[in-house]
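Structure below is protein.cif: mmCIF, C-alpha atoms.
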```cif
data_work
#
loop_
_atom_site.label_atom_id
_atom_site.label_comp_id
_atom_site.auth_asym_id
_atom_site.auth_seq_id
_atom_site.Cartn_x
_atom_site.Cartn_y
_atom_site.Cartn_z
CA MET W 1 -65.31 54.34 -80.08
CA ALA W 2 -66.06 56.86 -77.35
CA ALA W 3 -66.46 55.51 -73.84
CA LEU W 4 -69.82 55.49 -72.12
CA GLY W 5 -69.64 56.73 -68.56
CA ASN W 6 -70.98 54.76 -65.66
CA THR W 7 -74.16 56.81 -65.75
CA ALA W 8 -74.50 57.04 -69.54
CA ALA W 9 -77.17 55.16 -71.44
CA LEU W 10 -76.05 52.29 -73.72
CA ALA W 11 -76.24 52.77 -77.46
CA ASP W 12 -79.45 51.65 -79.13
CA THR W 13 -77.59 49.58 -81.72
CA ALA W 14 -74.69 47.53 -80.36
CA PRO W 15 -71.58 47.17 -82.51
CA GLN W 16 -70.61 43.70 -83.61
CA VAL W 17 -67.28 42.14 -82.81
CA PRO W 18 -64.49 42.53 -83.54
CA VAL W 19 -64.68 45.84 -81.77
CA THR W 20 -62.32 47.98 -79.68
CA PHE W 21 -63.30 50.14 -76.71
CA SER W 22 -60.95 52.78 -75.31
CA GLY W 23 -60.92 55.65 -72.88
CA THR W 24 -59.50 56.92 -69.59
CA LEU W 25 -60.72 55.92 -66.14
CA VAL W 26 -60.42 57.96 -62.99
CA ALA W 27 -59.78 56.11 -59.75
CA GLY W 28 -62.73 53.87 -58.85
CA GLU W 29 -64.58 54.54 -62.10
CA THR W 30 -66.46 51.98 -64.22
CA GLN W 31 -67.28 52.51 -67.88
CA SER W 32 -69.73 50.24 -69.74
CA PHE W 33 -69.66 49.17 -73.39
CA HIS W 34 -72.19 47.43 -75.57
CA PHE W 35 -71.58 44.69 -78.27
CA THR W 36 -73.05 41.65 -80.01
CA VAL W 37 -71.54 38.60 -81.73
CA PRO W 38 -72.43 37.12 -85.14
CA ASP W 39 -72.14 33.44 -84.25
CA SER W 40 -72.05 31.16 -81.24
CA GLU W 41 -68.29 30.81 -81.12
CA LEU W 42 -65.49 31.41 -78.64
CA TYR W 43 -64.54 35.05 -78.01
CA ARG W 44 -61.97 36.86 -75.91
CA ALA W 45 -61.14 40.29 -74.54
CA THR W 46 -57.61 41.63 -74.93
CA VAL W 47 -56.44 44.51 -72.72
CA SER W 48 -53.79 46.99 -73.82
CA PRO W 49 -51.41 47.58 -72.23
CA ALA W 50 -51.43 44.03 -70.95
CA ASN W 51 -50.59 45.11 -67.38
CA ALA W 52 -53.31 47.76 -67.17
CA PRO W 53 -55.05 47.54 -63.73
CA LEU W 54 -58.50 46.74 -65.14
CA THR W 55 -61.33 44.48 -64.07
CA LEU W 56 -63.72 43.31 -66.80
CA THR W 57 -67.25 42.19 -66.00
CA LEU W 58 -69.49 40.72 -68.73
CA THR W 59 -73.23 40.89 -68.50
CA GLY W 60 -75.74 39.45 -70.98
CA GLN W 61 -78.70 41.79 -71.39
CA TYR W 62 -80.83 39.28 -73.29
CA PRO W 63 -81.61 36.83 -71.87
CA GLN W 64 -80.70 37.98 -68.41
CA GLN W 65 -77.57 36.23 -67.16
CA PRO W 66 -75.56 36.75 -63.98
CA PRO W 67 -72.53 38.99 -64.47
CA ILE W 68 -69.20 37.26 -65.12
CA LYS W 69 -66.47 39.07 -63.17
CA ASN W 70 -62.86 39.01 -64.44
CA TRP W 71 -64.10 37.83 -67.83
CA GLN W 72 -61.34 37.12 -70.38
CA SER W 73 -62.81 34.60 -72.84
CA GLY W 74 -65.62 32.13 -73.42
CA GLY W 75 -68.49 31.06 -75.60
CA LEU W 76 -71.02 33.71 -76.54
CA TRP W 77 -74.38 33.46 -78.29
CA PRO W 78 -75.70 35.55 -81.17
CA LEU W 79 -78.87 37.65 -80.80
CA VAL W 80 -77.67 38.60 -77.33
CA ASP W 81 -76.69 42.13 -76.30
CA TYR W 82 -73.64 42.02 -74.07
CA THR W 83 -72.38 44.71 -71.72
CA LEU W 84 -68.71 44.87 -70.81
CA ASP W 85 -67.97 46.86 -67.64
CA VAL W 86 -64.40 48.19 -67.45
CA HIS W 87 -63.33 49.19 -63.90
CA SER W 88 -60.11 50.43 -62.33
CA ASP W 89 -59.25 51.38 -58.76
CA VAL W 90 -56.64 53.81 -60.07
CA ALA W 91 -56.66 56.38 -62.81
CA THR W 92 -55.52 54.82 -66.09
CA PRO W 93 -56.00 54.99 -69.86
CA PHE W 94 -57.18 51.72 -71.42
CA GLU W 95 -58.00 49.89 -74.62
CA VAL W 96 -60.03 46.66 -74.74
CA THR W 97 -60.56 44.62 -77.93
CA VAL W 98 -63.29 41.98 -78.10
CA GLU W 99 -62.78 39.45 -80.91
CA GLU W 100 -63.35 35.86 -81.91
CA ILE W 101 -60.55 33.60 -80.70
CA PRO W 102 -58.30 32.91 -83.71
CA PRO W 103 -58.07 29.17 -84.42
CA LYS W 104 -54.75 27.39 -84.16
CA LEU W 105 -53.57 24.13 -85.73
CA ALA W 106 -51.03 21.81 -84.15
CA ASN W 107 -49.54 18.37 -84.85
CA VAL W 108 -50.14 18.72 -88.61
CA SER W 109 -48.74 15.77 -90.56
CA GLY W 110 -49.33 14.28 -93.98
CA GLY W 111 -46.62 11.62 -93.76
CA GLY W 112 -44.24 13.08 -96.36
CA ILE W 113 -44.76 12.60 -100.11
CA GLN W 114 -48.07 11.07 -101.21
CA TYR W 115 -48.57 9.61 -104.69
CA ALA W 116 -52.10 10.00 -106.05
CA GLY W 117 -53.57 8.48 -109.18
CA PRO W 118 -56.80 9.23 -111.04
CA ASN W 119 -58.99 8.50 -107.99
CA GLY W 120 -56.50 9.46 -105.30
CA SER W 121 -56.62 12.04 -102.53
CA PHE W 122 -54.36 13.74 -99.99
CA THR W 123 -54.83 13.10 -96.27
CA ALA W 124 -53.27 14.69 -93.18
CA THR W 125 -53.90 14.64 -89.44
CA TYR W 126 -54.04 17.68 -87.17
CA THR W 127 -55.19 19.01 -83.80
CA LEU W 128 -57.58 21.99 -83.67
CA ASP W 129 -58.08 24.15 -80.57
CA VAL W 130 -61.43 25.84 -81.38
CA PRO W 131 -64.19 25.21 -83.97
CA ALA W 132 -63.02 26.41 -87.36
CA TYR W 133 -63.00 25.78 -91.09
CA VAL W 134 -59.89 23.76 -92.00
CA GLU W 135 -58.83 24.20 -95.62
CA PRO W 136 -55.79 23.36 -97.77
CA VAL W 137 -53.37 25.89 -99.18
CA ILE W 138 -51.78 24.44 -102.31
CA THR W 139 -48.51 25.51 -103.90
CA SER W 140 -47.35 24.08 -107.22
CA TRP W 141 -43.67 23.18 -107.42
CA ASP W 142 -43.82 23.83 -111.15
CA TYR W 143 -45.41 27.28 -111.12
CA HIS W 144 -45.13 28.32 -107.45
CA ASP W 145 -48.64 29.71 -107.45
CA GLY W 146 -50.77 29.54 -104.31
CA LEU W 147 -54.28 28.10 -104.26
CA VAL W 148 -56.71 28.03 -101.34
CA VAL W 149 -59.54 25.51 -101.55
CA PRO W 150 -62.34 26.82 -99.28
CA VAL W 151 -64.59 24.46 -97.34
CA ASN W 152 -68.15 25.11 -96.16
CA TYR W 153 -68.25 23.01 -92.99
CA MET W 154 -66.62 23.61 -89.63
CA LYS W 155 -64.55 21.07 -87.73
CA SER W 156 -64.79 20.50 -84.01
CA PRO W 157 -61.83 20.95 -81.69
CA GLY W 158 -59.60 17.93 -81.15
CA ASP W 159 -57.67 15.43 -83.24
CA GLU W 160 -58.99 15.16 -86.80
CA THR W 161 -58.11 13.79 -90.24
CA PHE W 162 -58.26 16.10 -93.24
CA THR W 163 -58.92 14.73 -96.74
CA TRP W 164 -58.51 16.75 -99.93
CA ASN W 165 -59.85 15.32 -103.20
CA LEU W 166 -57.18 17.10 -105.31
CA ARG W 167 -59.73 19.48 -106.80
CA ASP W 168 -59.80 23.27 -106.84
CA ALA W 169 -62.53 25.61 -105.64
CA ASP W 170 -64.50 24.99 -108.85
CA GLY W 171 -64.37 21.22 -108.44
CA LYS W 172 -61.81 20.72 -111.20
CA ARG W 173 -59.02 18.24 -110.61
CA LEU W 174 -55.59 19.86 -110.52
CA PRO W 175 -53.21 19.11 -113.42
CA ASP W 176 -50.54 16.47 -113.00
CA GLY W 177 -47.58 17.72 -111.03
CA TRP W 178 -45.85 18.00 -107.67
CA TYR W 179 -47.66 20.08 -105.05
CA SER W 180 -46.91 21.28 -101.55
CA VAL W 181 -49.90 21.20 -99.20
CA ALA W 182 -50.39 23.27 -96.04
CA LEU W 183 -53.43 23.53 -93.77
CA ARG W 184 -54.92 26.64 -92.26
CA ALA W 185 -57.89 27.20 -89.97
CA ARG W 186 -60.27 30.13 -90.14
CA ASN W 187 -63.38 31.33 -88.40
CA ASN W 188 -65.56 34.34 -89.12
CA THR W 189 -63.01 36.94 -88.11
CA ALA W 190 -59.56 35.34 -88.04
CA THR W 191 -57.37 32.96 -90.02
CA SER W 192 -54.44 30.99 -88.66
CA LEU W 193 -51.08 30.77 -90.30
CA ALA W 194 -50.76 27.95 -92.84
CA VAL W 195 -48.93 24.93 -91.41
CA PRO W 196 -47.06 22.61 -93.84
CA ALA W 197 -48.79 19.23 -94.08
CA GLY W 198 -46.80 17.41 -96.76
CA GLU W 199 -46.48 16.96 -100.50
CA VAL W 200 -48.56 15.19 -103.10
CA ILE W 201 -47.69 14.06 -106.61
CA ILE W 202 -50.73 13.92 -108.89
CA ASP W 203 -50.35 11.46 -111.75
CA SER W 204 -53.27 10.93 -114.13
CA THR W 205 -51.16 10.10 -117.18
CA PRO W 206 -51.42 6.54 -118.58
CA PRO W 207 -48.30 4.61 -119.65
CA ALA W 208 -47.04 5.14 -123.19
CA ILE W 209 -46.65 1.87 -125.10
CA ASP W 210 -44.63 1.46 -128.30
CA LEU W 211 -44.86 -1.86 -130.13
CA GLN W 212 -42.60 -2.92 -133.01
CA LEU W 213 -41.80 -6.17 -134.76
CA ASP W 214 -38.28 -7.42 -134.17
CA GLY W 215 -37.87 -8.28 -137.82
CA PRO W 216 -39.86 -9.15 -140.95
CA PRO W 217 -43.46 -10.31 -140.35
CA ASP W 218 -42.75 -14.02 -140.68
CA SER W 219 -43.82 -17.08 -138.71
CA HIS W 220 -41.24 -16.47 -135.95
CA ALA W 221 -41.59 -12.71 -135.59
CA GLY W 222 -41.74 -11.25 -132.11
CA VAL W 223 -43.25 -8.02 -130.86
CA LEU W 224 -40.87 -5.77 -128.93
CA LEU W 225 -42.36 -3.81 -126.02
CA ASP W 226 -41.14 -0.32 -125.17
CA ILE W 227 -43.18 0.95 -122.20
CA MET W 228 -42.70 4.22 -120.38
CA ASP W 229 -44.77 6.04 -117.77
CA PRO W 230 -44.50 9.75 -118.68
CA GLY W 231 -46.35 10.99 -115.60
CA PRO W 232 -44.65 12.55 -112.54
CA HIS W 233 -43.20 10.11 -110.00
CA PRO W 234 -41.94 10.16 -106.41
CA PRO W 235 -38.24 9.36 -105.82
CA SER W 236 -39.00 5.73 -104.94
CA LEU W 237 -41.53 3.44 -106.61
CA PRO W 238 -42.75 -0.07 -105.76
CA HIS W 239 -42.15 -1.27 -109.33
CA PRO W 240 -39.39 -0.56 -111.88
CA TYR W 241 -39.92 2.75 -113.64
CA GLY W 242 -43.44 3.04 -112.20
CA ILE W 243 -44.96 0.22 -114.29
CA ALA W 244 -46.92 -2.13 -112.03
CA SER W 245 -48.07 -4.70 -114.59
CA VAL W 246 -48.01 -5.47 -118.30
CA ARG W 247 -50.25 -7.98 -120.07
CA ALA W 248 -50.42 -9.01 -123.71
CA SER W 249 -53.15 -10.71 -125.69
CA VAL W 250 -52.82 -12.24 -129.14
CA ASP W 251 -55.68 -12.30 -131.63
CA GLY W 252 -58.26 -11.71 -128.91
CA ARG W 253 -57.13 -14.54 -126.64
CA SER W 254 -56.92 -14.13 -122.87
CA SER W 255 -54.11 -11.82 -121.89
CA LYS W 256 -50.97 -13.08 -120.18
CA ALA W 257 -48.65 -11.26 -117.81
CA MET W 258 -45.38 -10.09 -119.36
CA ALA W 259 -42.13 -10.23 -117.40
CA TRP W 260 -39.75 -7.31 -116.93
CA THR W 261 -36.23 -8.54 -117.63
CA GLY W 262 -34.39 -5.32 -116.63
CA PRO W 263 -32.46 -3.21 -116.15
CA SER W 264 -33.88 -0.63 -118.57
CA LEU W 265 -37.47 0.48 -119.01
CA TRP W 266 -37.71 -1.15 -122.44
CA ASN W 267 -36.55 -4.57 -121.21
CA TRP W 268 -39.87 -6.37 -121.25
CA ALA W 269 -40.16 -9.89 -122.60
CA SER W 270 -41.26 -9.91 -126.21
CA ALA W 271 -44.70 -11.08 -127.23
CA THR W 272 -44.13 -14.27 -129.20
CA PRO W 273 -46.42 -16.67 -131.09
CA PRO W 274 -48.58 -18.49 -128.51
CA ASP W 275 -48.31 -21.76 -130.47
CA GLY W 276 -44.62 -21.48 -131.34
CA ALA W 277 -45.13 -19.98 -134.79
CA TRP W 278 -47.50 -17.58 -136.47
CA SER W 279 -49.85 -19.13 -138.98
CA PRO W 280 -50.14 -17.35 -142.34
CA GLY W 281 -52.57 -14.47 -142.18
CA ARG W 282 -53.22 -11.35 -140.16
CA HIS W 283 -52.47 -11.19 -136.42
CA THR W 284 -52.98 -8.55 -133.74
CA VAL W 285 -51.06 -8.19 -130.49
CA THR W 286 -52.56 -5.91 -127.82
CA VAL W 287 -50.51 -4.82 -124.80
CA THR W 288 -52.02 -3.22 -121.68
CA ALA W 289 -49.91 -1.55 -118.99
CA ILE W 290 -50.90 -0.16 -115.56
CA ASP W 291 -48.64 2.18 -113.62
CA ASP W 292 -48.17 2.48 -109.86
CA ALA W 293 -50.75 5.26 -109.67
CA GLY W 294 -53.45 3.06 -111.23
CA ASN W 295 -53.46 4.65 -114.69
CA GLY W 296 -53.96 2.18 -117.53
CA GLY W 297 -53.01 2.37 -121.20
CA SER W 298 -53.07 -0.02 -124.14
CA SER W 299 -51.69 -0.28 -127.65
CA SER W 300 -52.03 -2.74 -130.51
CA ILE W 301 -49.96 -3.77 -133.49
CA SER W 302 -51.21 -5.79 -136.48
CA PHE W 303 -49.16 -7.57 -139.11
CA THR W 304 -49.68 -10.13 -141.84
CA VAL W 305 -47.60 -13.30 -142.11
CA PRO W 306 -47.24 -14.40 -145.75
CA GLY W 307 -48.21 -17.90 -146.80
CA PRO W 308 -45.84 -20.58 -148.18
CA THR W 309 -44.00 -19.77 -151.40
CA GLY W 310 -44.18 -23.29 -152.79
CA ASP W 311 -40.46 -23.98 -152.40
CA THR W 312 -39.65 -27.50 -151.31
CA ALA W 313 -37.36 -27.60 -148.29
CA PRO W 314 -34.53 -30.15 -148.42
CA PRO W 315 -34.36 -32.74 -145.64
CA ALA W 316 -32.44 -32.02 -142.48
CA ASN W 317 -29.83 -34.69 -143.14
CA VAL W 318 -28.87 -33.44 -146.59
CA VAL W 319 -25.44 -34.60 -147.73
CA ALA W 320 -22.97 -32.02 -148.96
CA ALA W 321 -22.58 -31.96 -152.72
CA PRO W 322 -19.71 -30.57 -154.81
CA VAL W 323 -19.75 -26.86 -155.41
CA ILE W 324 -21.60 -26.11 -158.61
CA ALA W 325 -19.46 -24.16 -160.96
CA GLY W 326 -20.78 -20.71 -161.60
CA ALA W 327 -23.16 -20.68 -158.58
CA PRO W 328 -23.55 -17.16 -157.24
CA GLN W 329 -21.32 -16.43 -154.29
CA PRO W 330 -22.87 -14.69 -151.28
CA ASP W 331 -21.72 -11.22 -150.47
CA CYS W 332 -20.07 -11.24 -147.05
CA SER W 333 -19.06 -7.62 -147.18
CA THR W 334 -19.91 -5.26 -144.34
CA ALA W 335 -22.35 -3.39 -146.57
CA ALA W 336 -24.20 -6.59 -147.46
CA ILE W 337 -24.40 -7.67 -143.82
CA LYS W 338 -25.71 -4.26 -142.75
CA SER W 339 -28.31 -4.47 -145.49
CA ALA W 340 -29.44 -7.89 -144.26
CA ILE W 341 -29.83 -6.82 -140.63
CA ARG W 342 -31.43 -3.46 -141.42
CA PRO W 343 -34.85 -4.45 -139.89
CA PHE W 344 -33.08 -4.86 -136.52
CA THR W 345 -30.96 -1.73 -136.54
CA HIS W 346 -33.55 0.55 -134.93
CA ARG W 347 -32.74 -1.21 -131.65
CA PHE W 348 -29.63 -3.35 -132.25
CA LYS W 349 -26.11 -3.07 -133.59
CA LEU W 350 -23.83 -5.71 -135.07
CA ALA W 351 -21.54 -7.31 -132.46
CA GLN W 352 -20.17 -10.50 -134.12
CA HIS W 353 -20.72 -12.39 -137.35
CA GLU W 354 -19.68 -15.53 -139.24
CA CYS W 355 -20.17 -15.98 -142.98
CA SER W 356 -19.47 -19.42 -144.54
CA ASP W 357 -21.03 -22.70 -145.64
CA LEU W 358 -21.77 -24.09 -142.19
CA THR W 359 -24.03 -26.97 -143.20
CA GLY W 360 -21.99 -28.29 -146.13
CA ASP W 361 -24.74 -27.94 -148.70
CA ASP W 362 -22.96 -25.43 -150.95
CA ALA W 363 -25.24 -22.62 -149.69
CA SER W 364 -23.63 -20.28 -147.24
CA GLU W 365 -25.05 -19.13 -143.93
CA LEU W 366 -24.58 -15.75 -142.29
CA VAL W 367 -24.73 -15.90 -138.50
CA VAL W 368 -24.83 -12.56 -136.68
CA LEU W 369 -24.87 -11.59 -133.05
CA LEU W 370 -26.80 -8.34 -132.51
CA ARG W 371 -26.37 -6.34 -129.32
CA ALA W 372 -29.09 -3.99 -128.08
CA LYS W 373 -28.14 -0.32 -128.32
CA ARG W 374 -29.56 0.11 -124.82
CA GLY W 375 -29.45 -2.71 -122.28
CA PRO W 376 -28.17 -6.30 -122.29
CA LYS W 377 -30.53 -7.88 -124.79
CA THR W 378 -28.80 -9.92 -127.50
CA VAL W 379 -30.28 -11.36 -130.69
CA ALA W 380 -28.84 -14.27 -132.62
CA ALA W 381 -29.95 -14.19 -136.26
CA ILE W 382 -29.11 -16.68 -139.00
CA TYR W 383 -29.44 -15.94 -142.71
CA ARG W 384 -29.35 -18.42 -145.61
CA GLN W 385 -27.95 -17.78 -149.03
CA ALA W 386 -30.65 -16.87 -151.54
CA GLY W 387 -28.80 -16.40 -154.80
CA ALA W 388 -26.36 -13.58 -154.11
CA ALA W 389 -28.51 -12.16 -151.31
CA TRP W 390 -29.40 -13.17 -147.75
CA ALA W 391 -32.74 -14.41 -146.43
CA LEU W 392 -33.55 -14.60 -142.72
CA ALA W 393 -33.76 -18.24 -141.66
CA TYR W 394 -33.78 -17.96 -137.87
CA ARG W 395 -33.70 -15.43 -135.10
CA ASP W 396 -33.84 -15.74 -131.33
CA ILE W 397 -34.26 -12.87 -128.84
CA ARG W 398 -34.30 -14.95 -125.67
CA HIS W 399 -30.58 -14.58 -124.98
CA ARG W 400 -29.04 -11.78 -122.97
CA ILE W 401 -25.49 -11.01 -122.01
CA ARG W 402 -24.34 -8.28 -119.66
CA ARG W 403 -20.98 -7.81 -121.28
CA ILE W 404 -19.28 -9.68 -124.08
CA GLY W 405 -16.35 -11.55 -122.57
CA ARG W 406 -17.95 -12.24 -119.18
CA VAL W 407 -20.28 -15.11 -120.14
CA SER W 408 -20.60 -17.71 -122.87
CA HIS W 409 -23.61 -19.03 -124.73
CA ASP W 410 -24.28 -22.03 -126.98
CA LEU W 411 -27.18 -22.34 -129.38
CA ARG W 412 -28.09 -25.46 -131.27
CA GLU W 413 -30.88 -24.41 -133.53
CA THR W 414 -32.85 -25.95 -136.36
CA LEU W 415 -33.44 -23.69 -139.33
CA ARG W 416 -36.74 -23.52 -141.11
CA ASP W 417 -35.50 -25.85 -143.81
CA GLY W 418 -34.43 -28.48 -141.26
CA ARG W 419 -30.72 -27.82 -141.22
CA LYS W 420 -28.99 -27.46 -137.88
CA ILE W 421 -26.56 -24.77 -136.77
CA ARG W 422 -24.47 -24.47 -133.62
CA VAL W 423 -23.48 -20.99 -132.51
CA HIS W 424 -21.07 -20.35 -129.64
CA TRP W 425 -19.80 -17.07 -128.32
CA SER W 426 -17.62 -16.20 -125.37
CA GLY W 427 -15.89 -12.83 -125.22
CA SER W 428 -14.29 -12.10 -128.54
CA ARG W 429 -14.50 -15.74 -129.56
CA PHE W 430 -17.42 -16.32 -131.89
CA LEU W 431 -17.91 -19.66 -133.70
CA ALA W 432 -20.66 -20.89 -135.97
CA THR W 433 -20.61 -24.45 -137.30
CA GLY W 434 -22.93 -27.09 -138.59
CA ALA W 435 -24.48 -29.17 -135.83
#
```
As structure tokens, what does this structure read like?
Amino acid sequence: MAALGNTAALADTAPQVPVTFSGTLVAGETQSFHFTVPDSELYRATVSPANAPLTLTLTGQYPQQPPIKNWQSGGLWPLVDYTLDVHSDVATPFEVTVEEIPPKLANVSGGGIQYAGPNGSFTATYTLDVPAYVEPVITSWDYHDGLVVPVNYMKSPGDETFTWNLRDADGKRLPDGWYSVALRARNNTATSLAVPAGEVIIDSTPPAIDLQLDGPPDSHAGVLLDIMDPGPHPPSLPHPYGIASVRASVDGRSSKAMAWTGPSLWNWASATPPDGAWSPGRHTVTVTAIDDAGNGGSSSISFTVPGPTGDTAPPANVVAAPVIAGAPQPDCSTAAIKSAIRPFTHRFKLAQHECSDLTGDDASELVVLLRAKRGPKTVAAIYRQAGAAWALAYRDIRHRIRRIGRVSHDLRETLRDGRKIRVHWSGSRFLATGA
């Protein structure tokens, strides 16, 4: 913009900052320039070159204010016409820029990685030097795209806390993922550099729950729990695999907390009959899980336990009788055993087995030790001879071994027909006898 001499009239319409005035001064000359500001903010004058021998004097034409000699910065009001007098005692070219003071953020901290659930937010502290709009700049670690969420209210200078509700400029919550958050400050004419504030992991995904029976739907069936939280997680979590709590209810009864038995994510205690055995009829088990972010999920499984077949069970103290000639012999082959344990094989594999007449009643028993394909869970299952086939008579999923050969276990169990079996295993030694 052309300079106005010390005797020239000021322009009728003053330019609005930011504005730059330039010219050349002869020794002892003063040139005057006219400007206005859009808002009552902090403004400054920058001289170029910085060592130019200039004296700046600011005068407010409306309302009348005393001149401010050696003016460099300060608060200015809108609807006021300001005059900036530029003087030099020596001849010199000059350039003076009047602009709003750019805001600057300091001491920005979000405390590292934050984990936010469905109602979560991101918070950070900062120090602001001048009034400004403070807004987040979001970068997705998955897609590396930048997102600025504008705000419509200014913050005062000083120490402040910033809170972002994890929503974009349209008010929509961001998808689940890992995000880097920076803060920047802006006013009407300038924007500060974005300063890293921290990271936030948004997790709105409920746990996935898979329920399966551990065998045929009989009076002693148990429900196996396989629970996984598929949402994004921070490196460390307060609970194993991000699952904070699991509860199970049976046939509409009050739910009970389920224990995690570790070390794998599917090692939750099975849901078992609340009264020791399922009564004949239809039953429903409902499992609810809540993850560390506060997301909840539930799943149900229903099954029908058949009623009695009318067979009369022999007493527990039955005395062994001679082998009946021509009675069918049980098949103890590997193929027959695998066929018997097929309902378990989606999670377990055969570890040990014993096939003989353990109770001395001329009907053989098949005792198997099943080892979980993943984790330390171990199932002891006992089958009774039913003609030439095998029928499940007992199973127990309460026992766990870390490694065969390191621990030993003894079971003394009563079968459904009253007969008693003792099972012992220790390393490669596996014995099953009548008790």
Using all atoms listed in the file, pick whichever of W:Ala27, W:Ile202, W:Ala190, W:Val195 has the shortest atom-to-atom distance to Asn107 in chain W.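 Of W:Ala27, W:Ile202, W:Ala190, W:Val195, the one nearest Asn107 in chain W is W:Val195, counting all atoms listed in the file.
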Name the residues captured by the PyMOL selection byres ((chain W and resi 151) around 12) when it is applied to the shown file; answer as a PyMOL selection string. chain W and resi 132-137+148-150+152-155+162-165+167-171+183-187
Protein/DNA/RNA residues near (-50.1, -8.5, -137.8), cut 9 Å, all atoms listed in the file, as a list in words: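 The requested residues, written out, are Pro217, Gly281, Arg282, His283, Thr284, Val285, Ile301, Ser302, Phe303, Thr304 and Val305 of chain W.
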Long-range neighbours of range 269-276 of chain W as a ChimeraX atom specification, 8 Å cut-off, only C-alpha atoms, 5 positions minimum in chain: /W:220-225,248,250,258-261,285
How many Å separate CA of Gly158 in chain W from CA of Pro38 in chain W? 23.4 Å
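When CA of Val86 in chain W is paired with CA of Ser48 in chain W, their separation reads 12.4 Å.
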Between CA of Gln212 in chain W and CA of Ser299 in chain W, measure the distance and give it in Å to one decimal.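 CA of Ser299 in chain W lies at a distance of 10.9 Å from CA of Gln212 in chain W.
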Just checking: using all atoms listed in the file, which residue out of W:Ile201, W:Leu105, W:Ala116, W:Ala340 ends up closest to Pro157 in chain W? W:Leu105
